[in-house]
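J.: Supplied in structure tokens, the structure appears directly below.
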Amino acid sequence: MKIGLLTGGGDSPATNAAIRAVVKRAERDGHEIIGIKKGWAGVINKEAEKLTRDNVSGIINKGGTILGTSRTNPFKMDNGIELAIDGVKSLGIDAICAIGGDDTLGVAHKLNNLENPIHAVGIPQTIDNDIAGTDYAIGFDSALAIATDAIDKLHTTAESHRRVMIVEVMGRDAGHIALEAGLAGGADVILVPDEDFDVKEVGERIKKRTDRGKTFSIVVVAEGAKPIGVEDQVVKSGKKDMFGHVMLGGIGEYLNKELADLTHLETRVTNLGHLQRGGAPTPFDRLVATRFGLRIVEMINEGKWDYMVCLKGGKVTEIPLEDALKTKPVDLDLLELSKVFY
Ligand code: F6P
């Protein structure tokens, strides 16, 4: 088969490890891999080139994606579907393997369900780790390591200056990075989109710490977290991408001001931003990405179209793509447990 391989949405470390595994395994099984450039945009623009074992040699430790990425949604473009169908035909592709988050995988699902289906399978990849039906999405562990390291570093300066340090992390509508990095880094307050917070209560918690003789506090807040009673998340701009997402960001600044007023302590804010998506992948990420890449070729061999490879209880398996297309919230029990440390 001639398989089109693409990466869409926000990039993440270990995507290249998955690409490498897909190409090497597919070549061994007699398939040809066409690397499609810049996500679904490359299908529409017919921008692609053949990938071989040699092209993907030495990329397991490289961040980003050698294929490039975009947030292009053919289903939201004039004639987008016709253009995508035409792109697939012109490139002579028999099936598509899409690596990305729920947006990218959503397009793969829709293509499988056209009147004349385009066969597609998916690999979950997003630092947000918010894809339903899988315990893990490629990139999360690397982002977690970066966020945890940042919290460690903020501790020392917070202690020296006796400040409240607020650190804003990514994650869109779920707080996986905030919760796990917050726990791993020993944060004093963790705020996630999965549970609205009372800013006065956060101020009280920090004051209680001061009363107990603690001279500093670390607050980790997910970009999508919001105070109780406030309808909208804090956004950088009202502009939406082709999947209807606004650019989140700024809740850290809000807390910086509010907590300074409420606690009369000195506060500072750090927004980790795209640093969380950069650099070399962790060994865990490389391993899962490699296992996903190897298994997806088996799924293609078996004709398991409209499925996504996933990790469940440490085992690599698969689920229908349809079941993956909703946000996976954080484990609320773990969130509750994290309050033991407040
Ligand atoms: O989905 C991954 C993610 O990093 C989110 O956590 C974040 O909200 C978004 O992408 C940022 O997207 P962009 O790189 O387009 O600003």
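For the structure tokens, the naming scheme is as follows: chains receive sequential letters (A, B, ...) according to their order of presentation, residues are indexed from 1 within each chain, and ligands are indexed from 1 in presentation order.
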What's around Thr290 of chain A at 12 Å? Count only C-alpha atoms, leave out sequence neighbours fewer than 5 positions away in its own chain, and write the answer as JSON, numbers by chain.

T.: {"A": [14, 15, 16, 17, 18, 19, 20, 21, 22, 23, 24, 25, 59, 60, 61, 123, 138, 281, 283, 284, 285, 295, 296, 297, 309, 316]}

J.: Compile a residue-level contact table for chain A against ligand 1 at a cut-off of 10 Å, reporting for every qualifying residue the shortest atom pair and its distance in Å to one decimal, with only C-alpha atoms and all ligand atoms counted, rows ordered by chain and ascending number, as JSON lines.

T.:
{"residue": "A:Gly9", "atom": "CA", "partner": "ligand 1", "partner_atom_place_in_ligand_line": "1 (O)", "distance": 6.8}
{"residue": "A:Gly10", "atom": "CA", "partner": "ligand 1", "partner_atom_place_in_ligand_line": "2 (C)", "distance": 4.7}
{"residue": "A:Asp11", "atom": "CA", "partner": "ligand 1", "partner_atom_place_in_ligand_line": "2 (C)", "distance": 7.3}
{"residue": "A:Ser12", "atom": "CA", "partner": "ligand 1", "partner_atom_place_in_ligand_line": "4 (O)", "distance": 8.1}
{"residue": "A:Ser70", "atom": "CA", "partner": "ligand 1", "partner_atom_place_in_ligand_line": "15 (O)", "distance": 8.5}
{"residue": "A:Arg71", "atom": "CA", "partner": "ligand 1", "partner_atom_place_in_ligand_line": "15 (O)", "distance": 7.6}
{"residue": "A:Gly100", "atom": "CA", "partner": "ligand 1", "partner_atom_place_in_ligand_line": "1 (O)", "distance": 9.1}
{"residue": "A:Gly101", "atom": "CA", "partner": "ligand 1", "partner_atom_place_in_ligand_line": "1 (O)", "distance": 7.0}
{"residue": "A:Asp102", "atom": "CA", "partner": "ligand 1", "partner_atom_place_in_ligand_line": "1 (O)", "distance": 9.0}
{"residue": "A:Asp103", "atom": "CA", "partner": "ligand 1", "partner_atom_place_in_ligand_line": "1 (O)", "distance": 9.2}
{"residue": "A:Gln125", "atom": "CA", "partner": "ligand 1", "partner_atom_place_in_ligand_line": "1 (O)", "distance": 9.1}
{"residue": "A:Thr126", "atom": "CA", "partner": "ligand 1", "partner_atom_place_in_ligand_line": "2 (C)", "distance": 5.7}
{"residue": "A:Ile127", "atom": "CA", "partner": "ligand 1", "partner_atom_place_in_ligand_line": "2 (C)", "distance": 5.9}
{"residue": "A:Asp128", "atom": "CA", "partner": "ligand 1", "partner_atom_place_in_ligand_line": "6 (O)", "distance": 5.4}
{"residue": "A:Asn129", "atom": "CA", "partner": "ligand 1", "partner_atom_place_in_ligand_line": "1 (O)", "distance": 8.8}
{"residue": "A:Asp130", "atom": "CA", "partner": "ligand 1", "partner_atom_place_in_ligand_line": "1 (O)", "distance": 8.8}
{"residue": "A:Gly139", "atom": "CA", "partner": "ligand 1", "partner_atom_place_in_ligand_line": "2 (C)", "distance": 9.7}
{"residue": "A:Phe140", "atom": "CA", "partner": "ligand 1", "partner_atom_place_in_ligand_line": "2 (C)", "distance": 9.9}
{"residue": "A:Ala143", "atom": "CA", "partner": "ligand 1", "partner_atom_place_in_ligand_line": "4 (O)", "distance": 9.5}
{"residue": "A:Val169", "atom": "CA", "partner": "ligand 1", "partner_atom_place_in_ligand_line": "6 (O)", "distance": 7.9}
{"residue": "A:Met170", "atom": "CA", "partner": "ligand 1", "partner_atom_place_in_ligand_line": "6 (O)", "distance": 4.1}
{"residue": "A:Gly171", "atom": "CA", "partner": "ligand 1", "partner_atom_place_in_ligand_line": "6 (O)", "distance": 3.8}
{"residue": "A:Arg172", "atom": "CA", "partner": "ligand 1", "partner_atom_place_in_ligand_line": "8 (O)", "distance": 4.4}
{"residue": "A:Asp173", "atom": "CA", "partner": "ligand 1", "partner_atom_place_in_ligand_line": "8 (O)", "distance": 8.2}
{"residue": "A:Ala174", "atom": "CA", "partner": "ligand 1", "partner_atom_place_in_ligand_line": "6 (O)", "distance": 8.9}
{"residue": "A:Gly175", "atom": "CA", "partner": "ligand 1", "partner_atom_place_in_ligand_line": "6 (O)", "distance": 9.6}
{"residue": "A:Ile177", "atom": "CA", "partner": "ligand 1", "partner_atom_place_in_ligand_line": "6 (O)", "distance": 9.0}
{"residue": "A:Ala222", "atom": "CA", "partner": "ligand 1", "partner_atom_place_in_ligand_line": "6 (O)", "distance": 9.1}
{"residue": "A:Glu223", "atom": "CA", "partner": "ligand 1", "partner_atom_place_in_ligand_line": "8 (O)", "distance": 7.2}
{"residue": "A:Gly224", "atom": "CA", "partner": "ligand 1", "partner_atom_place_in_ligand_line": "8 (O)", "distance": 8.1}
{"residue": "A:Val235", "atom": "CA", "partner": "ligand 1", "partner_atom_place_in_ligand_line": "8 (O)", "distance": 9.9}
{"residue": "A:Lys236", "atom": "CA", "partner": "ligand 1", "partner_atom_place_in_ligand_line": "16 (O)", "distance": 9.7}
{"residue": "A:Lys240", "atom": "CA", "partner": "ligand 1", "partner_atom_place_in_ligand_line": "15 (O)", "distance": 10.0}
{"residue": "A:Asp241", "atom": "CA", "partner": "ligand 1", "partner_atom_place_in_ligand_line": "15 (O)", "distance": 8.0}
{"residue": "A:His245", "atom": "CA", "partner": "ligand 1", "partner_atom_place_in_ligand_line": "8 (O)", "distance": 8.5}
{"residue": "A:Val246", "atom": "CA", "partner": "ligand 1", "partner_atom_place_in_ligand_line": "8 (O)", "distance": 8.3}
{"residue": "A:Met247", "atom": "CA", "partner": "ligand 1", "partner_atom_place_in_ligand_line": "8 (O)", "distance": 6.2}
{"residue": "A:Leu248", "atom": "CA", "partner": "ligand 1", "partner_atom_place_in_ligand_line": "8 (O)", "distance": 5.7}
{"residue": "A:Gly249", "atom": "CA", "partner": "ligand 1", "partner_atom_place_in_ligand_line": "8 (O)", "distance": 7.8}
{"residue": "A:Gly273", "atom": "CA", "partner": "ligand 1", "partner_atom_place_in_ligand_line": "4 (O)", "distance": 7.9}
{"residue": "A:His274", "atom": "CA", "partner": "ligand 1", "partner_atom_place_in_ligand_line": "14 (O)", "distance": 6.8}
{"residue": "A:Leu275", "atom": "CA", "partner": "ligand 1", "partner_atom_place_in_ligand_line": "4 (O)", "distance": 9.6}
{"residue": "A:Gln276", "atom": "CA", "partner": "ligand 1", "partner_atom_place_in_ligand_line": "4 (O)", "distance": 7.7}
{"residue": "A:Arg277", "atom": "CA", "partner": "ligand 1", "partner_atom_place_in_ligand_line": "4 (O)", "distance": 6.6}

J.: When you look at segment 40-46 of chain A with a cut-off of 7 Å (counting only C-alpha atoms), what residues show up, excluding the ones that are within fewer than 2 positions of it in the same chain? I need them as a list of chain:residue names.

T.: A:Gly8, A:Ile36, A:Lys37, A:Lys38, A:Ala48, A:Ser70, A:Thr72, A:Asn73, A:Pro74, A:Leu83, A:Ala84, A:Gly87, A:Val88, A:Leu91

J.: Which residue gives the smallest distance to Ile96 of chain A among A:Glu195, A:Asp188, A:Asp306, A:Glu266, with only C-alpha atoms counted?

T.: A:Asp306

J.: Quick one: contact table of segment 187-266 of chain A to segment 328-340 of chain A, 10 Å max, nearest atom pair and distance in Å to one decimal per residue, counting only C-alpha atoms, chain and number order, as CSV?

T.:
residue,atom,partner,partner_atom,distance
A:Ala187,CA,A:Ser338,CA,9.3
A:Asp188,CA,A:Lys339,CA,8.7
A:Val189,CA,A:Lys339,CA,7.9
A:Ile190,CA,A:Ser338,CA,7.9
A:Leu191,CA,A:Leu335,CA,9.3
A:Val192,CA,A:Val330,CA,8.6
A:Pro193,CA,A:Pro329,CA,8.8
A:Asp194,CA,A:Pro329,CA,6.3
A:Glu195,CA,A:Leu332,CA,8.7

J.: Residues within 6 Å of Gly63 of chain A, please, as a list in words. Count only C-alpha atoms; anything in the same chain fewer than 4 positions from it doesn't count.

T.: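 Counting only the stated atoms, we get Pro13, Gly279 and Ala280 of chain A.
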
J.: May I have the selected residues written with N, CA, C and O atoms, as a CSV table (one decimal), in the first residue's frame?

T.:
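So again_15.csv came out as:
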chain,number,residue,atom,x,y,z
A,13,PRO,N,7.2,16.9,21.4
A,13,PRO,CA,8.4,16.0,21.4
A,13,PRO,C,7.9,14.6,21.2
A,13,PRO,O,6.8,14.2,21.6
A,279,GLY,N,12.1,20.9,22.4
A,279,GLY,CA,13.3,20.1,22.9
A,279,GLY,C,13.1,18.6,22.7
A,279,GLY,O,12.2,18.1,22.1
A,280,ALA,N,14.1,17.9,23.2
A,280,ALA,CA,14.2,16.4,23.0
A,280,ALA,C,13.1,15.7,23.9
A,280,ALA,O,12.8,16.1,25.0

J.: Have a look at A:Leu265, A:Val288, A:Ala137, A:Ala260 and name the one nearest to His161 of chain A; count only C-alpha atoms.

T.: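 For His161 of chain A, the nearest of the given residues is A:Leu265.
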
J.: Leaving out Ala145 of chain A and any residue of its chain fewer than 4 positions from it, which residues lie within 9 Å of it when counting only C-alpha atoms, given as a compact mmCIF listing (two decimals) with N, CA, C and O atoms, in the first residue's frame?

T.:
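Output contents, as saved in result-v2.txt:
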# COMPACT_ATOMS: atom_id res chain seq x y z
N PHE A 140 3.22 14.16 26.08
CA PHE A 140 2.84 14.59 27.43
C PHE A 140 3.99 14.47 28.42
O PHE A 140 4.24 15.40 29.20
N ASP A 141 4.67 13.34 28.41
CA ASP A 141 5.71 13.13 29.42
C ASP A 141 6.85 14.16 29.28
O ASP A 141 7.40 14.62 30.28
N ASP A 149 10.37 20.75 35.91
CA ASP A 149 11.68 21.39 36.06
C ASP A 149 11.50 22.89 36.34
O ASP A 149 12.20 23.47 37.19
N ALA A 150 10.55 23.50 35.63
CA ALA A 150 10.30 24.94 35.83
C ALA A 150 9.81 25.21 37.26
O ALA A 150 10.24 26.18 37.90
N ALA A 181 2.27 18.04 36.85
CA ALA A 181 3.50 18.80 37.11
C ALA A 181 3.41 19.44 38.49
O ALA A 181 4.39 19.53 39.23
N GLN A 276 7.01 24.37 26.56
CA GLN A 276 6.50 23.04 26.92
C GLN A 276 6.43 22.10 25.73
O GLN A 276 6.30 20.89 25.89
N THR A 282 11.45 12.73 26.21
CA THR A 282 11.92 11.85 27.30
C THR A 282 11.99 10.41 26.78
O THR A 282 11.32 10.06 25.80

J.: Taking only segment 124-309 of chain A into account, list the residues labelled strand (DSSP E or B) by DSSP (computed from the backbone), as number ranges by chain.

T.: A: 124-125, 131, 138, 164-169, 189-191, 197, 217-222, 227, 235-240, 246-248, 267-271, 307-309

J.: Between A:Thr134, A:Ser217, A:Thr270, A:Thr263, which has the minimum distance to Glu201 of chain A (counting only C-alpha atoms)?

T.: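 Closest to Glu201 of chain A, using only C-alpha atoms: A:Thr263.
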
J.: For atom CA of Thr104 of chain A and atom CA of Asp78 of chain A, determine how far apart the two atoms are, in Å to one decimal place.

T.: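 Here the two named atoms are 18.1 Å from each other.
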
J.: I need the residues of segment 22-158 of chain A that end up classed as alpha helix (DSSP H) by DSSP on the backbone, written out as number ranges by chain.

T.: A: 22-28, 40-44, 80-91, 102-112, 140-158

J.: Based on the selection just made, write C-alpha atoms of those residues as a tab-separated table (two decimals), in the first residue's frame.

T.:
chain	number	residue	atom	x	y	z
A	22	VAL	CA	5.94	3.88	11.16
A	23	VAL	CA	8.35	4.29	8.25
A	24	LYS	CA	10.73	1.53	9.33
A	25	ARG	CA	7.99	-0.99	10.07
A	26	ALA	CA	5.96	-0.10	6.96
A	27	GLU	CA	8.99	-0.45	4.72
A	28	ARG	CA	9.74	-3.85	6.24
A	40	TRP	CA	-4.03	18.33	6.23
A	41	ALA	CA	-2.78	21.39	4.28
A	42	GLY	CA	-0.30	19.08	2.53
A	43	VAL	CA	-3.11	16.81	1.32
A	44	ILE	CA	-4.92	19.78	-0.17
A	80	GLY	CA	-11.99	21.55	1.21
A	81	ILE	CA	-13.35	18.02	1.00
A	82	GLU	CA	-13.16	17.94	-2.82
A	83	LEU	CA	-9.61	19.32	-2.63
A	84	ALA	CA	-8.62	16.70	-0.06
A	85	ILE	CA	-10.12	13.88	-2.15
A	86	ASP	CA	-8.30	15.24	-5.20
A	87	GLY	CA	-5.03	15.47	-3.21
A	88	VAL	CA	-5.30	11.86	-2.07
A	89	LYS	CA	-5.97	10.73	-5.67
A	90	SER	CA	-3.12	12.77	-7.16
A	91	LEU	CA	-0.66	11.52	-4.59
A	102	ASP	CA	-8.58	15.36	18.53
A	103	ASP	CA	-8.79	17.98	15.75
A	104	THR	CA	-6.42	16.13	13.42
A	105	LEU	CA	-7.95	12.77	14.31
A	106	GLY	CA	-11.45	14.19	13.83
A	107	VAL	CA	-10.64	14.92	10.19
A	108	ALA	CA	-9.33	11.36	9.78
A	109	HIS	CA	-12.60	10.03	11.21
A	110	LYS	CA	-14.69	12.17	8.86
A	111	LEU	CA	-12.67	11.05	5.82
A	112	ASN	CA	-13.35	7.41	6.76
A	140	PHE	CA	2.84	14.59	27.43
A	141	ASP	CA	5.71	13.13	29.42
A	142	SER	CA	8.22	15.51	27.82
A	143	ALA	CA	5.99	18.53	28.53
A	144	LEU	CA	5.51	17.26	32.09
A	145	ALA	CA	9.28	17.07	32.58
A	146	ILE	CA	9.70	20.66	31.34
A	147	ALA	CA	6.89	22.00	33.55
A	148	THR	CA	8.15	20.10	36.61
A	149	ASP	CA	11.68	21.39	36.06
A	150	ALA	CA	10.30	24.94	35.83
A	151	ILE	CA	8.41	24.52	39.13
A	152	ASP	CA	11.61	23.23	40.78
A	153	LYS	CA	13.46	26.30	39.54
A	154	LEU	CA	10.73	28.68	40.66
A	155	HIS	CA	10.91	27.21	44.18
A	156	THR	CA	14.42	28.47	44.78
A	157	THR	CA	13.77	32.04	43.67
A	158	ALA	CA	10.37	32.07	45.43

J.: What are the closest atom pairs, with distances in Å to one decimal, for each residue of segment 43-141 of chain A lying within 7 Å of segment 320-324 of chain A, using only C-alpha atoms, rows by chain and rising residue number, as a Markdown table?

T.:
| residue | atom | partner | partner_atom | distance |
| --- | --- | --- | --- | --- |
| A:His109 | CA | A:Leu321 | CA | 6.0 |
| A:Ile131 | CA | A:Ala324 | CA | 5.9 |
| A:Ala132 | CA | A:Ala324 | CA | 4.6 |
| A:Gly133 | CA | A:Ala324 | CA | 5.4 |

J.: Those same residues - C-alpha atoms - I'd like them written as a CSV table (one decimal), in the first residue's frame.

T.:
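Saved the output as result-v5.csv:
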chain,number,residue,atom,x,y,z
A,109,HIS,CA,-12.6,10.0,11.2
A,131,ILE,CA,-7.6,12.5,24.1
A,132,ALA,CA,-10.4,10.3,25.3
A,133,GLY,CA,-10.0,6.5,25.3

J.: Provide the atom CA of Gly213 of chain A to atom CA of Lys257 of chain A distance in Å, to one decimal place.

T.: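 Atom CA of Gly213 of chain A sits 22.9 Å away from atom CA of Lys257 of chain A.
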